[in-house]
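As structure tokens, the structure follows; a few thoughts come after it.
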Amino acid sequence: MRIIKTLLLACATTVASLPAAATAKAPLGQVKEINDGLLAVGIADEIRKTCGDIDARMITAYAYLAKLKSRARSLGYSEDEIEDYVTSKDEKKKMRAKGEAWLEARGVTLGQEAGYCRVGREEISRGSQIGALLRARDAA
């Protein structure tokens, strides 16, 4: 899930952050659309790292992470808040646990390539957000 941090940081711009909203915001880790998006990226990354038959769509991933970052900024989160969230060891642990639970619920035995490949192909076929971030090597 290290790619989440790398890709999100790569999307950083020099444009000043939007000012924080006057009202209190939930911690960024509790914003469902951002959290779900980063979870999809993390799961896709685990699939592509574990399944030798599947690659990442890196440009698509960069664009998607930029969209998530832009959305977080539009919700009033600062560059520092975003950075703190994506670099937090606690948040990374939570995200990994969610990703592993998602994979296991789909019948994947963690660390065994066949399950990751099966789920990756299913997600690509479904056109899900995870699938949009992946491509079968023979389709490259």
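By convention here, the chains of the structure tokens are called A, B, ... in the order presented, each chain's residues are numbered starting at 1, and ligands are numbered starting at 1 in the order presented.
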
Within 10 Å of stretch 40-43 of chain A, counting only C-alpha atoms, which residues qualify if same-chain residues fewer than 6 places away don't, as a PyMOL selection string?
chain A and resi 1-5+7+34+49+56+61-62+64-65+92+95-96+98-100+102-103+116+120+128-134

Kindly save the residues from that selection, with N, CA, C and O atoms included, as a compact mmCIF listing (two decimals), in the first residue's frame.
# COMPACT_ATOMS: atom_id res chain seq x y z
N MET A 1 0.82 -1.19 0.00
CA MET A 1 0.00 0.00 0.00
C MET A 1 0.86 1.26 0.00
O MET A 1 0.35 2.34 0.05
N ARG A 2 2.17 1.05 -0.07
CA ARG A 2 3.10 2.16 -0.11
C ARG A 2 2.87 3.02 -1.34
O ARG A 2 3.12 4.22 -1.32
N ILE A 3 2.34 2.43 -2.41
CA ILE A 3 2.10 3.20 -3.63
C ILE A 3 1.08 4.30 -3.41
O ILE A 3 1.12 5.33 -4.06
N ILE A 4 0.16 4.11 -2.45
CA ILE A 4 -0.82 5.16 -2.15
C ILE A 4 -0.09 6.44 -1.80
O ILE A 4 -0.36 7.49 -2.36
N LYS A 5 0.86 6.33 -0.89
CA LYS A 5 1.61 7.51 -0.46
C LYS A 5 2.41 8.08 -1.62
O LYS A 5 2.37 9.27 -1.89
N LEU A 7 2.05 7.78 -4.91
CA LEU A 7 1.25 8.38 -5.97
C LEU A 7 0.56 9.66 -5.52
O LEU A 7 0.51 10.64 -6.25
N ILE A 34 -13.16 9.46 0.15
CA ILE A 34 -11.70 9.50 0.08
C ILE A 34 -11.13 8.16 0.55
O ILE A 34 -10.28 7.55 -0.10
N LYS A 49 0.92 -6.39 -7.47
CA LYS A 49 2.21 -6.84 -6.93
C LYS A 49 2.24 -8.34 -6.72
O LYS A 49 3.30 -8.95 -6.80
N ALA A 56 -0.50 -2.59 -13.36
CA ALA A 56 -1.23 -1.38 -12.98
C ALA A 56 -1.36 -0.47 -14.18
O ALA A 56 -0.51 -0.45 -15.06
N ALA A 61 -4.01 5.55 -12.40
CA ALA A 61 -3.86 5.63 -10.95
C ALA A 61 -3.45 7.04 -10.52
O ALA A 61 -4.01 7.59 -9.56
N TYR A 62 -2.49 7.63 -11.22
CA TYR A 62 -2.07 9.01 -10.89
C TYR A 62 -3.25 9.97 -11.02
O TYR A 62 -3.48 10.81 -10.16
N TYR A 64 -6.46 9.28 -10.87
CA TYR A 64 -7.46 9.01 -9.85
C TYR A 64 -7.03 9.57 -8.49
O TYR A 64 -7.83 10.17 -7.77
N LEU A 65 -5.77 9.41 -8.16
CA LEU A 65 -5.27 9.96 -6.89
C LEU A 65 -5.32 11.48 -6.89
O LEU A 65 -5.63 12.10 -5.87
N LYS A 92 -2.28 3.74 7.75
CA LYS A 92 -1.80 2.68 6.85
C LYS A 92 -2.17 1.30 7.39
O LYS A 92 -2.58 0.42 6.63
N MET A 95 -5.87 0.80 6.82
CA MET A 95 -6.14 0.57 5.40
C MET A 95 -5.72 -0.84 5.00
O MET A 95 -6.43 -1.52 4.27
N ARG A 96 -4.56 -1.27 5.47
CA ARG A 96 -4.10 -2.63 5.15
C ARG A 96 -5.08 -3.66 5.69
O ARG A 96 -5.44 -4.61 4.99
N LYS A 98 -8.28 -3.30 6.30
CA LYS A 98 -9.50 -3.25 5.49
C LYS A 98 -9.28 -3.96 4.14
O LYS A 98 -10.15 -4.70 3.68
N GLY A 99 -8.15 -3.69 3.52
CA GLY A 99 -7.85 -4.32 2.24
C GLY A 99 -7.74 -5.83 2.35
O GLY A 99 -8.27 -6.57 1.52
N GLU A 100 -7.06 -6.29 3.38
CA GLU A 100 -6.92 -7.73 3.59
C GLU A 100 -8.27 -8.37 3.87
O GLU A 100 -8.58 -9.45 3.34
N TRP A 102 -11.17 -7.28 2.83
CA TRP A 102 -11.90 -7.26 1.56
C TRP A 102 -11.46 -8.43 0.67
O TRP A 102 -12.29 -9.14 0.11
N LEU A 103 -10.15 -8.61 0.56
CA LEU A 103 -9.63 -9.71 -0.26
C LEU A 103 -10.07 -11.07 0.29
O LEU A 103 -10.50 -11.94 -0.47
N TYR A 116 -5.47 -13.67 -5.96
CA TYR A 116 -5.30 -12.28 -6.36
C TYR A 116 -5.57 -12.13 -7.86
O TYR A 116 -6.22 -11.18 -8.28
N GLY A 120 -8.51 -9.99 -9.41
CA GLY A 120 -8.10 -8.93 -10.32
C GLY A 120 -8.83 -9.01 -11.65
O GLY A 120 -9.35 -8.01 -12.16
N SER A 128 -15.01 -2.20 -12.20
CA SER A 128 -15.03 -1.52 -10.90
C SER A 128 -13.86 -0.52 -10.82
O SER A 128 -12.98 -0.49 -11.70
N GLN A 129 -13.84 0.28 -9.77
CA GLN A 129 -12.72 1.21 -9.59
C GLN A 129 -11.41 0.45 -9.46
O GLN A 129 -10.40 0.86 -10.03
N ILE A 130 -11.42 -0.66 -8.75
CA ILE A 130 -10.21 -1.48 -8.65
C ILE A 130 -9.82 -1.96 -10.04
O ILE A 130 -8.66 -1.86 -10.44
N GLY A 131 -10.78 -2.50 -10.78
CA GLY A 131 -10.51 -3.00 -12.13
C GLY A 131 -10.01 -1.94 -13.08
O GLY A 131 -9.17 -2.21 -13.94
N ALA A 132 -10.50 -0.71 -12.92
CA ALA A 132 -10.06 0.39 -13.80
C ALA A 132 -8.58 0.73 -13.59
O ALA A 132 -7.94 1.30 -14.47
N LEU A 133 -8.05 0.36 -12.43
CA LEU A 133 -6.65 0.65 -12.10
C LEU A 133 -5.72 -0.49 -12.53
O LEU A 133 -4.51 -0.39 -12.36
N LEU A 134 -6.30 -1.56 -13.08
CA LEU A 134 -5.54 -2.75 -13.46
C LEU A 134 -5.73 -3.09 -14.92
O LEU A 134 -6.70 -2.67 -15.54

Which residues are near A:Asp138? Cut-off 10 Å, only C-alpha atoms, ignore same chain within fewer than 3 positions. Put them as a ChimeraX atom specification.
/A:53-55,135

Print the selection's residues with N, CA, C and O atoms to a file, as an mmCIF file, in the first residue's frame.
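Once everything was written out, this is result_26.cif:
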data_model
loop_
_atom_site.group_PDB
_atom_site.id
_atom_site.type_symbol
_atom_site.label_atom_id
_atom_site.label_comp_id
_atom_site.auth_asym_id
_atom_site.auth_seq_id
_atom_site.Cartn_x
_atom_site.Cartn_y
_atom_site.Cartn_z
ATOM 1 N N ASP A 53 0.268 -11.839 -13.668
ATOM 2 C CA ASP A 53 -0.453 -11.663 -14.922
ATOM 3 C C ASP A 53 -1.179 -10.329 -15.028
ATOM 4 O O ASP A 53 -1.866 -10.068 -16.014
ATOM 5 N N ILE A 54 -1.065 -9.494 -14.002
ATOM 6 C CA ILE A 54 -1.797 -8.227 -13.972
ATOM 7 C C ILE A 54 -0.828 -7.078 -13.702
ATOM 8 O O ILE A 54 0.042 -7.177 -12.843
ATOM 9 N N ASP A 55 -1.012 -6.008 -14.457
ATOM 10 C CA ASP A 55 -0.225 -4.785 -14.285
ATOM 11 C C ASP A 55 -1.124 -3.651 -13.822
ATOM 12 O O ASP A 55 -2.344 -3.720 -13.946
ATOM 13 N N ARG A 135 -4.812 -3.901 -15.445
ATOM 14 C CA ARG A 135 -4.981 -4.477 -16.791
ATOM 15 C C ARG A 135 -4.263 -5.809 -16.811
ATOM 16 O O ARG A 135 -3.207 -5.991 -16.199
#

Find the residues around A:Ala72 up to 10 Å (only C-alpha atoms counted), leave out those fewer than 6 positions away in its own chain, and share them as a CSV table (one decimal) with N, CA and C atoms, in the first residue's frame.
chain,number,residue,atom,x,y,z
A,18,LEU,N,-6.7,25.2,-0.1
A,18,LEU,CA,-8.0,25.9,0.2
A,18,LEU,C,-8.0,26.2,1.7
A,28,LEU,N,-9.9,13.2,8.1
A,28,LEU,CA,-9.9,12.7,6.7
A,28,LEU,C,-10.1,11.2,6.6
A,31,VAL,N,-13.7,10.3,6.0
A,31,VAL,CA,-14.4,10.7,4.8
A,31,VAL,C,-14.5,9.5,3.9
A,33,GLU,N,-15.8,8.8,0.9
A,33,GLU,CA,-15.4,8.7,-0.5
A,33,GLU,C,-13.9,8.8,-0.7
A,34,ILE,N,-13.2,9.5,0.1
A,34,ILE,CA,-11.7,9.5,0.1
A,34,ILE,C,-11.1,8.2,0.6
A,66,ALA,N,-5.0,12.1,-8.0
A,66,ALA,CA,-5.1,13.5,-8.1
A,66,ALA,C,-6.6,14.0,-7.9
A,78,SER,N,-6.5,20.8,4.2
A,78,SER,CA,-5.3,21.4,3.7
A,78,SER,C,-4.3,20.4,3.2
A,79,GLU,N,-3.2,20.9,2.5
A,79,GLU,CA,-2.2,20.0,2.1
A,79,GLU,C,-1.5,19.3,3.3
A,81,GLU,N,-3.0,18.5,6.1
A,81,GLU,CA,-3.9,17.4,6.6
A,81,GLU,C,-3.9,16.2,5.7
A,82,ILE,N,-3.9,16.5,4.4
A,82,ILE,CA,-3.8,15.4,3.4
A,82,ILE,C,-2.5,14.6,3.6

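Distance-wise, atom CA of A:Lys67 and atom CA of A:Ala44 end up 16.7 Å apart.
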
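Between atom CA of A:Ile47 and atom CA of A:Cys117 the separation is 6.9 Å.
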
Tell me, in Å to one decimal, how far atom CA of A:Gly76 is from atom CA of A:Arg57.
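Going from atom CA of A:Gly76 over to atom CA of A:Arg57, I get 29.0 Å.
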
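Taking the backbone of this structure through DSSP, the residues of stretch 75-114 of chain A that come out as alpha helix (DSSP H) are Glu79, Asp80, Glu81, Ile82, Glu83, Asp84, Tyr85, Val86, Thr87, Lys89, Asp90, Glu91, Lys92, Lys93, Lys94, Met95, Arg96, Ala97, Lys98, Gly99, Glu100, Ala101, Trp102, Leu103, Glu104, Ala105, Glu113 and Ala114 of chain A.
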